Amino acid sequence: MRDTCFLPVPSSAACRRRDRRLALRVLGTGLLAPALPLSAQARMALATAINRTARFRALSQRMAKAYGQLYLDVRPVRARDVLEHTRRQMRSGFEDMARQGWPPEVARLLADMRLSADRLNALAGQAPSRSAFQAVSAQADQMLALADTATQALERQAQAPTARLVNTAGRQRMLSQRLAKNYELAAAGLDGRPVREQLAGDADEFQRALARLGEAPISTPAIRSALELGQAQWLFFDAALKRQPDGRGLEEVATTSERLLEVMDTLTALYEAALQDLLG
């Protein structure tokens, strides 16, 4: 199966580079003077920045999920590919951000997030074991918290209620990976009460968020199609999560979580593009 996770926004490479540079320049000025109202162009750029920063939330959980698959010997070749791909995405994402001039507030958030990502990467490089999987999962959650703080800050800067759609759709990517990771923790006998409660809560949140996105005022034929596909993929994933965490269940969760991640990433990109069109 080809690795289609986190496909770029459908546009030319030059446009993507331009949008990224614009987003970072806007952040560099807008966060220094948050009291000033942002222009439509600035909010458009922030929509892209929200998507990019939110992606780190899912990357943290995807890395832990892939490491868990290695420990549990679930599709290990594929899991190793996912782990390496996620590492490359993290590295390139931080390198791209480091080339920009950031105000102190943003620089601190990014520095903390990168340190957390470096620790996660180091832990995931260890030989898989039960204790190492637990440590990787805990570090992934720490990185997730930092990335979520940064994403929420960017959403507030956008000064547009519809920016929440980009954040919400982006969060669905993370939920698909955290659900799969926690299922693996259960299979490894590491499912204490917090893990079980988070599994149930994340499943409920995912369904509620799908419903909110479907009722949102911003919609296009492509968004509606992606939402329908996301709902269908969620049913497969949810059914897999309800299986006992045995060999077959682990394989189904690994496969369906990747498919759902792909759909949610496409949906996030569509919301980003739709928001930019609306603000432009």
# chains A, B, ... in the order shown; residues from 1 in each chain; ligands from 1

call {"tool": "residues_around", "arguments": {"residues": "range 84-99 of chain A", "least_positions_apart": "6", "cutoff": "8 Å", "atoms": "only C-alpha atoms", "output": "list in words"}}
result
Leu24, Phe56, Leu59, Arg62, Met63, Arg114, Ala117 and Asn121 of chain A

call {"tool": "residues_around", "arguments": {"residues": "range 248-256 of chain A", "least_positions_apart": "5", "cutoff": "8 Å", "atoms": "only C-alpha atoms", "output": "list in words"}}
result
Gln69, Val74, Arg75, Ala180, Tyr183, Glu184, Gln233, Phe236, Phe237, Ala240, Leu241 and Arg243 of chain A

call {"tool": "write_last_selection", "arguments": {"atoms": "N, CA, C and O atoms", "output": "short mmCIF file (atom, residue, chain, number, x, y, z; two decimals), in the first residue's frame"}}
result
data_model
loop_
_atom_site.label_atom_id
_atom_site.label_comp_id
_atom_site.auth_asym_id
_atom_site.auth_seq_id
_atom_site.Cartn_x
_atom_site.Cartn_y
_atom_site.Cartn_z
N GLN A 69 3.69 -0.90 16.79
CA GLN A 69 3.56 -2.01 15.83
C GLN A 69 4.84 -2.83 15.78
O GLN A 69 4.78 -4.07 15.68
N VAL A 74 3.48 -6.24 14.37
CA VAL A 74 2.32 -6.08 13.51
C VAL A 74 2.76 -5.38 12.23
O VAL A 74 3.16 -4.21 12.26
N ARG A 75 2.76 -6.09 11.13
CA ARG A 75 3.19 -5.54 9.84
C ARG A 75 4.50 -4.75 10.03
O ARG A 75 4.56 -3.55 9.73
N ALA A 180 -5.39 4.46 17.61
CA ALA A 180 -4.66 3.25 17.23
C ALA A 180 -3.53 2.96 18.22
O ALA A 180 -3.29 1.80 18.60
N TYR A 183 -4.95 1.56 21.41
CA TYR A 183 -5.37 0.16 21.18
C TYR A 183 -4.15 -0.75 21.31
O TYR A 183 -4.24 -1.85 21.89
N GLU A 184 -3.02 -0.31 20.79
CA GLU A 184 -1.79 -1.10 20.89
C GLU A 184 -1.32 -1.18 22.34
O GLU A 184 -0.81 -2.22 22.78
N GLN A 233 -14.95 5.49 6.32
CA GLN A 233 -13.71 4.94 6.86
C GLN A 233 -13.75 4.86 8.38
O GLN A 233 -13.17 3.95 8.98
N PHE A 236 -15.32 1.59 9.50
CA PHE A 236 -14.38 0.46 9.44
C PHE A 236 -13.40 0.52 10.62
O PHE A 236 -13.11 -0.50 11.26
N PHE A 237 -12.89 1.72 10.87
CA PHE A 237 -11.92 1.88 11.95
C PHE A 237 -12.55 1.60 13.30
O PHE A 237 -11.97 0.91 14.15
N ALA A 240 -12.95 -1.99 13.90
CA ALA A 240 -11.67 -2.62 14.23
C ALA A 240 -11.29 -2.35 15.69
O ALA A 240 -10.79 -3.24 16.40
N LEU A 241 -11.53 -1.12 16.16
CA LEU A 241 -11.20 -0.77 17.54
C LEU A 241 -12.02 -1.57 18.55
O LEU A 241 -11.57 -1.77 19.69
N ARG A 243 -12.78 -4.68 18.30
CA ARG A 243 -12.30 -6.05 18.36
C ARG A 243 -11.37 -6.22 19.56
O ARG A 243 -10.78 -5.27 20.05
#

call {"tool": "closest_residue", "arguments": {"among": "A:Val195, A:Ala188, A:Thr53, A:Ala269", "to": "Thr149 in chain A", "atoms": "only C-alpha atoms"}}
result
A:Thr53

call {"tool": "select_by_dssp", "arguments": {"residues": "range 215-262 of chain A", "states": "alpha helix (DSSP H)", "output": "MDAnalysis selection string"}}
result
chainID A and resid 215 221:241 247:262

call {"tool": "residues_around", "arguments": {"residues": "Ala124 in chain A", "least_positions_apart": "5", "cutoff": "10 Å", "atoms": "only C-alpha atoms", "output": "tab-separated table (two decimals) with N, CA, C and O atoms, in the first residue's frame"}}
result
chain	number	residue	atom	x	y	z
A	63	MET	N	4.13	8.36	15.13
A	63	MET	CA	5.43	7.77	15.45
A	63	MET	C	5.28	6.73	16.56
A	63	MET	O	5.85	5.64	16.48
A	64	ALA	N	4.53	7.08	17.60
A	64	ALA	CA	4.32	6.13	18.70
A	64	ALA	C	3.55	4.90	18.22
A	64	ALA	O	3.84	3.77	18.64
A	66	ALA	N	3.55	3.59	15.18
A	66	ALA	CA	4.45	2.77	14.38
A	66	ALA	C	5.42	2.00	15.27
A	66	ALA	O	5.72	0.82	15.03
A	67	TYR	N	5.92	2.67	16.33
A	67	TYR	CA	6.84	1.99	17.25
A	67	TYR	C	6.11	0.85	17.97
A	67	TYR	O	6.68	-0.23	18.16
A	68	GLY	N	4.86	1.09	18.34
A	68	GLY	CA	4.08	0.04	18.97
A	68	GLY	C	3.89	-1.16	18.06
A	68	GLY	O	3.92	-2.31	18.50
A	83	LEU	N	7.48	4.74	10.36
A	83	LEU	CA	8.31	5.40	11.36
A	83	LEU	C	9.35	6.30	10.70
A	83	LEU	O	9.53	7.47	11.10
A	87	ARG	N	9.57	10.43	10.77
A	87	ARG	CA	10.79	11.12	11.20
A	87	ARG	C	11.20	12.17	10.18
A	87	ARG	O	11.58	13.29	10.53
A	118	ASP	N	12.80	15.83	19.41
A	118	ASP	CA	14.12	15.19	19.43
A	118	ASP	C	14.16	14.06	20.45
A	118	ASP	O	14.73	12.99	20.20
A	119	ARG	N	13.57	14.29	21.62
A	119	ARG	CA	13.52	13.24	22.64
A	119	ARG	C	12.69	12.06	22.16
A	119	ARG	O	13.06	10.89	22.37
A	132	ALA	N	10.00	0.48	26.62
A	132	ALA	CA	10.33	1.52	25.65
A	132	ALA	C	9.07	2.02	24.95
A	132	ALA	O	8.94	3.23	24.70
A	133	PHE	N	8.14	1.13	24.65
A	133	PHE	CA	6.88	1.54	24.03
A	133	PHE	C	6.13	2.48	24.96
A	133	PHE	O	5.57	3.51	24.53
A	135	ALA	N	7.44	4.45	27.19
A	135	ALA	CA	8.17	5.71	27.23
A	135	ALA	C	7.93	6.51	25.95
A	135	ALA	O	7.76	7.74	26.00
A	136	VAL	N	7.92	5.85	24.81
A	136	VAL	CA	7.66	6.52	23.54
A	136	VAL	C	6.27	7.14	23.55
A	136	VAL	O	6.06	8.27	23.11
A	137	SER	N	5.28	6.38	24.04
A	137	SER	CA	3.91	6.88	24.10
A	137	SER	C	3.82	8.12	24.98
A	137	SER	O	3.17	9.11	24.62
A	139	GLN	N	6.21	10.28	25.75
A	139	GLN	CA	6.89	11.40	25.12
A	139	GLN	C	6.07	11.94	23.95
A	139	GLN	O	6.03	13.16	23.71
A	140	ALA	N	5.42	11.06	23.22
A	140	ALA	CA	4.56	11.50	22.12
A	140	ALA	C	3.42	12.37	22.64
A	140	ALA	O	3.04	13.36	22.01

call {"tool": "closest_residue", "arguments": {"among": "A:Arg208, A:Arg164, A:Arg130, A:Arg173", "to": "Ser257 in chain A", "atoms": "only C-alpha atoms"}}
result
A:Arg173
